[in-house]
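**Student:** Have a look at the structure that comes next, please.
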Amino acid sequence: MQKLLLLGDEAIAQGALDAGLSGVYAYPGTPSTEITEYIQHSKQAADNGVHRDWSSNEKTAMEAAIGMSYAGKRALVCMKHVGLNVAADAFMNAAIVGANGGLVILSADDPSMHSSQNEQDSRVFGKFALIPMLEPSNQQECYDMVQYAFDFSEKYRVPVLMRITTRLAHSRAGVIRKNPRKQNEIHIPENLRQYVLLPAISRKNYKELLLKQNDFINNAINDGWNTLTMGSNKKYGIIAAGLGYNYLMENFPDRNIPYSVLKITQYPLPTDMLIKLATETEELIVMEDGYPFIEEQIKSLIPSSLIVHGRLDGTLPRDGELNPNLIAKALKIDKGEFNVIPEVVKPRPPKLCDGCPHINSYLALNEALKDYTPGRVFADIGCYTLGALPPYNAINTCVDMGASITMAKGATDAGILPAVAVIGDSTFTHSGMTGLLDAVWEKSPITIMILDNSTTAMTGGQDSNAYTKLESICKGLGVEENHIKIINPLPKFHEENVKTIKEELDYNGVSVIIPKRECIQTIGKKKRTC
């Protein structure tokens with residue numbers, strides 16, 4: 001069999017392709033982006049006509065994947081953890097309509113918030129939706145599990161959630177491939193009411209989902225992904241989930257662990273295994289990346305007198321990602337610090353790239369606003385968020401995708417005038433357009449700057465669905481044509497740009513200013529590939 005050296009993300013992508021994938025749907029978001037990029041660059045995907053274009057946002061991606069599953073084909077939908085919030089409406093209802101072709105939802109969590117605004121745990125969403133979940137502990141499991149997930153999805157007619165974390169997504173290991181399978185033929189659901197969520201049908205579908213829960217638990221016990229290994233030392237029983245199991249193994253390179261270990265990579269929790277572990281050990285230690293998801297659940301399954309250690313009692317930190325050093329400390333293993341981070345790769349403060357067009361946009365905006373009191377600029381998710389930092393100090397908020405326009409509107413409703421929204425071109429089409437429509441409908445006096453660098457820059461320069469369309473979209477949403485202004489964010493146009501921004505700040509209605517200049521990084525990439 002062929003062996004490849006793959007990132008966790010790439011192993012999932014290759015596993016999906018070898019499982020007979022027909023379509024991947026995603027909006028770029030670290031640490032999930034490389035899954036779709038791998039499939040986009042795959043000759044295997046191209047030869048087999050696999051759909052692999054970016055979606056406008058995670059909700060549209062989820063809905064398109066549901067549509068491909070409806071057609072009997074295998075679909076993978078990928079996002080980062082906060083993207084699952086955007087897709088939540090479709091995600092929750094996908095659990096009720098079920099699946100026809102295999103439907104796998106990949107959510108990549110970011111504990112320690114390396115590039116995210118929170119560190120929520122997608123396992124909570126999986127439990128909320130009552131669907132089975134998989135959490136691989138290494139790259140080989142990433143590959144193998146996505147194939148298992150498609151089979152499981154089709155066997156039980158249910159979407160399957162796969163959850164990974166940043167460190168697994170972006171670390172590399174050898175992966176052994178299996179023989180590729182052919183794609184499914186098109187076959188629509190036998191029950192043509194399955195996907196019609198009228199209340200009477202929803203109630204029936206929901207009861208069927210509840211009836212499947214025992215099957216999900218039995219599979220978590222019997223399918224072999226979860227394993228219970230009994231040890232000779234009964235002092236501790238260890239529950240290690242996903243990548244936490246990998247960190248545990250790094251502390252025992254000879255694999256000679258004296259304690260009993262329950263490895264959890266499939267949910268719902270394998271209750272029989274948990275109870276056996278709990279009855280044969282004095283104390284439990286739970287090692288899991290993210291929330292104390294397992295730690296909180298097991299307390300209702302085990303004797304109340306049994307001591308449970310983990311994130312809740314401070315044995316492990318309550319926040320941030322785990323690592324081998326933290327696991328060693330929890331087990332009182334005195335090895336000294338290993339995996340010490342070299343000085344050269346220690347965190348450095350982020351900043352806008354030299355030559356970034358956003359710099360000149362912010363310099364012009366700051367000058368245009370210099371005669372007003374501070375705190376009037378509502379921004380969004382993207383590279384331009386770095387405008388919050390010195391020396392620009394140009395923006396005052398960053399909450400979620402698309403929030404800039406709606407927050408600015410709310411501020412003007414409260415009486416803050418003028419108010420400015422700053423949003424990127426890709427974020428605008430992701431979730432800014434509906435906010436603009438609200439502002440147009442209510443004739444809100446806000447100035448919106450759509451920083452158009454022709455790409456989704458923060459995640460590496462993916463195509464923006466807004467490319468060349470921003471003016472026509474704004475016009476179509478009702479912005480008056482003479483208040484849609486295009487400016488060139490270069491130093492030589494600074495005075496002209498300041499004048500344009502000032503004029504629109506004075507306008508008592510919705511105005512849109514589009515600073516248009518390509519991302520300095522994508523220009524560099526194009527030059528290097530020429």
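Just so we're on the same page: first chain in the structure tokens is A, next is B, and so on; residues restart at 1 for each chain, and ligands are numbered from 1 in the order they show up.
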Segment 64-274 of chain A: which residues are strand (DSSP E) by DSSP, as a ChimeraX atom specification?

**Tutor:** /A:74-80,103-109,133-134,160-165,172-176,227-229,233-241,259-264,266-267

**Student:** Which residues come within 12 Å of Tyr372 of chain A, counting only C-alpha atoms, excluding same-chain residues fewer than 6 positions away, as a list in words?

**Tutor:**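 Listed by chain and then number, they are Leu365, Asn366, Ile416, Leu417, Pro418, Ala419, Val420, Lys502, Leu505 and Asp506 of chain A.
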
**Student:** Write out, as JSON lines, each residue of segment 42-150 of chain A that has an atom at most 10 Å from segment 268-285 of chain A, together with the closest pair of atoms and their distance in Å to one decimal, counting only C-alpha atoms, rows going by chain and rising number.

**Tutor:**
```
{"residue": "A:Arg123", "atom": "CA", "partner": "A:Pro268", "partner_atom": "CA", "distance": 9.8}
{"residue": "A:Gly126", "atom": "CA", "partner": "A:Pro268", "partner_atom": "CA", "distance": 9.1}
{"residue": "A:Lys127", "atom": "CA", "partner": "A:Pro268", "partner_atom": "CA", "distance": 7.6}
{"residue": "A:Leu130", "atom": "CA", "partner": "A:Pro268", "partner_atom": "CA", "distance": 8.5}
{"residue": "A:Ile131", "atom": "CA", "partner": "A:Pro268", "partner_atom": "CA", "distance": 8.2}
{"residue": "A:Pro132", "atom": "CA", "partner": "A:Pro268", "partner_atom": "CA", "distance": 6.2}
{"residue": "A:Met133", "atom": "CA", "partner": "A:Pro268", "partner_atom": "CA", "distance": 7.0}
{"residue": "A:Leu134", "atom": "CA", "partner": "A:Pro268", "partner_atom": "CA", "distance": 9.2}
```

**Student:** Next, dump the selected residues to file, keeping only C-alpha atoms, as a compact mmCIF listing (two decimals), in the first residue's frame.

**Tutor:**
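The file below, selection14.txt, is the result:
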```txt
# COMPACT_ATOMS: atom_id res chain seq x y z
CA ARG A 123 -18.48 18.00 20.57
CA GLY A 126 -22.69 16.92 18.15
CA LYS A 127 -24.32 15.92 21.43
CA LEU A 130 -27.80 13.70 18.85
CA ILE A 131 -25.53 12.50 16.05
CA PRO A 132 -22.49 10.21 16.29
CA MET A 133 -19.07 11.83 16.54
CA LEU A 134 -15.53 10.80 15.76
```

**Student:** Among segment 12-105 of chain A, which ones does DSSP assign to helix (DSSP H, G or I) (computed from the backbone)? Answer as a PDB file with C-alpha atoms, in the first residue's frame.

**Tutor:**
```pdb
ATOM      1  CA  ILE A  12      -8.918  13.555   6.015  1.00  0.00           C
ATOM      2  CA  ALA A  13      -9.023  14.875   2.459  1.00  0.00           C
ATOM      3  CA  GLN A  14      -7.249  11.846   0.990  1.00  0.00           C
ATOM      4  CA  GLY A  15      -9.363   9.508   3.094  1.00  0.00           C
ATOM      5  CA  ALA A  16     -12.527  11.142   1.786  1.00  0.00           C
ATOM      6  CA  LEU A  17     -11.345  10.911  -1.823  1.00  0.00           C
ATOM      7  CA  ASP A  18     -10.460   7.231  -1.396  1.00  0.00           C
ATOM      8  CA  THR A  33      -8.688  25.189   5.237  1.00  0.00           C
ATOM      9  CA  GLU A  34      -6.124  22.665   4.008  1.00  0.00           C
ATOM     10  CA  ILE A  35      -8.728  19.901   3.651  1.00  0.00           C
ATOM     11  CA  THR A  36     -10.499  21.628   0.783  1.00  0.00           C
ATOM     12  CA  GLU A  37      -7.255  22.979  -0.692  1.00  0.00           C
ATOM     13  CA  TYR A  38      -5.828  19.443  -0.848  1.00  0.00           C
ATOM     14  CA  ILE A  39      -8.903  18.225  -2.711  1.00  0.00           C
ATOM     15  CA  GLN A  40      -8.790  21.250  -5.018  1.00  0.00           C
ATOM     16  CA  LYS A  43      -5.495  15.028  -9.668  1.00  0.00           C
ATOM     17  CA  GLN A  44      -7.630  12.170  -8.346  1.00  0.00           C
ATOM     18  CA  ALA A  45     -10.420  14.664  -7.533  1.00  0.00           C
ATOM     19  CA  ALA A  46     -10.115  16.372 -10.908  1.00  0.00           C
ATOM     20  CA  ASP A  47     -10.141  13.087 -12.825  1.00  0.00           C
ATOM     21  CA  GLU A  58     -20.563  27.652   6.170  1.00  0.00           C
ATOM     22  CA  LYS A  59     -24.362  27.584   6.045  1.00  0.00           C
ATOM     23  CA  THR A  60     -24.487  27.497   2.260  1.00  0.00           C
ATOM     24  CA  ALA A  61     -21.744  24.856   2.332  1.00  0.00           C
ATOM     25  CA  MET A  62     -23.735  22.706   4.749  1.00  0.00           C
ATOM     26  CA  GLU A  63     -26.916  23.023   2.719  1.00  0.00           C
ATOM     27  CA  ALA A  64     -25.150  22.136  -0.529  1.00  0.00           C
ATOM     28  CA  ALA A  65     -23.628  19.067   1.140  1.00  0.00           C
ATOM     29  CA  ILE A  66     -27.078  18.028   2.354  1.00  0.00           C
ATOM     30  CA  GLY A  67     -28.259  18.352  -1.251  1.00  0.00           C
ATOM     31  CA  MET A  68     -25.473  16.109  -2.524  1.00  0.00           C
ATOM     32  CA  SER A  69     -26.297  13.559   0.183  1.00  0.00           C
ATOM     33  CA  TYR A  70     -29.955  13.768  -0.890  1.00  0.00           C
ATOM     34  CA  HIS A  81     -15.449  25.601  15.004  1.00  0.00           C
ATOM     35  CA  VAL A  82     -16.973  29.095  14.834  1.00  0.00           C
ATOM     36  CA  GLY A  83     -18.149  28.264  11.325  1.00  0.00           C
ATOM     37  CA  LEU A  84     -20.342  25.587  12.855  1.00  0.00           C
ATOM     38  CA  ASN A  85     -22.229  28.421  14.567  1.00  0.00           C
ATOM     39  CA  VAL A  86     -22.941  29.923  11.141  1.00  0.00           C
ATOM     40  CA  ALA A  88     -25.973  25.620  12.987  1.00  0.00           C
ATOM     41  CA  ASP A  89     -29.482  25.956  11.556  1.00  0.00           C
ATOM     42  CA  ALA A  90     -28.776  23.598   8.675  1.00  0.00           C
ATOM     43  CA  PHE A  91     -26.610  21.356  10.892  1.00  0.00           C
ATOM     44  CA  MET A  92     -29.311  20.778  13.497  1.00  0.00           C
ATOM     45  CA  ASN A  93     -31.927  20.073  10.855  1.00  0.00           C
ATOM     46  CA  ALA A  94     -29.554  17.746   8.983  1.00  0.00           C
ATOM     47  CA  ALA A  95     -29.701  15.505  12.047  1.00  0.00           C
ATOM     48  CA  ILE A  96     -33.487  15.353  11.665  1.00  0.00           C
ATOM     49  CA  VAL A  97     -33.656  14.782   7.900  1.00  0.00           C
TER      50      VAL A  97
END
```

**Student:** Fewer than 3 positions away in the same chain doesn't count, so skip those; otherwise give me all residues within 6 Å of Asp110 of chain A, counting only C-alpha atoms, as an NGL selection string.

**Tutor:** :A and (113 or 119 or 165-166)
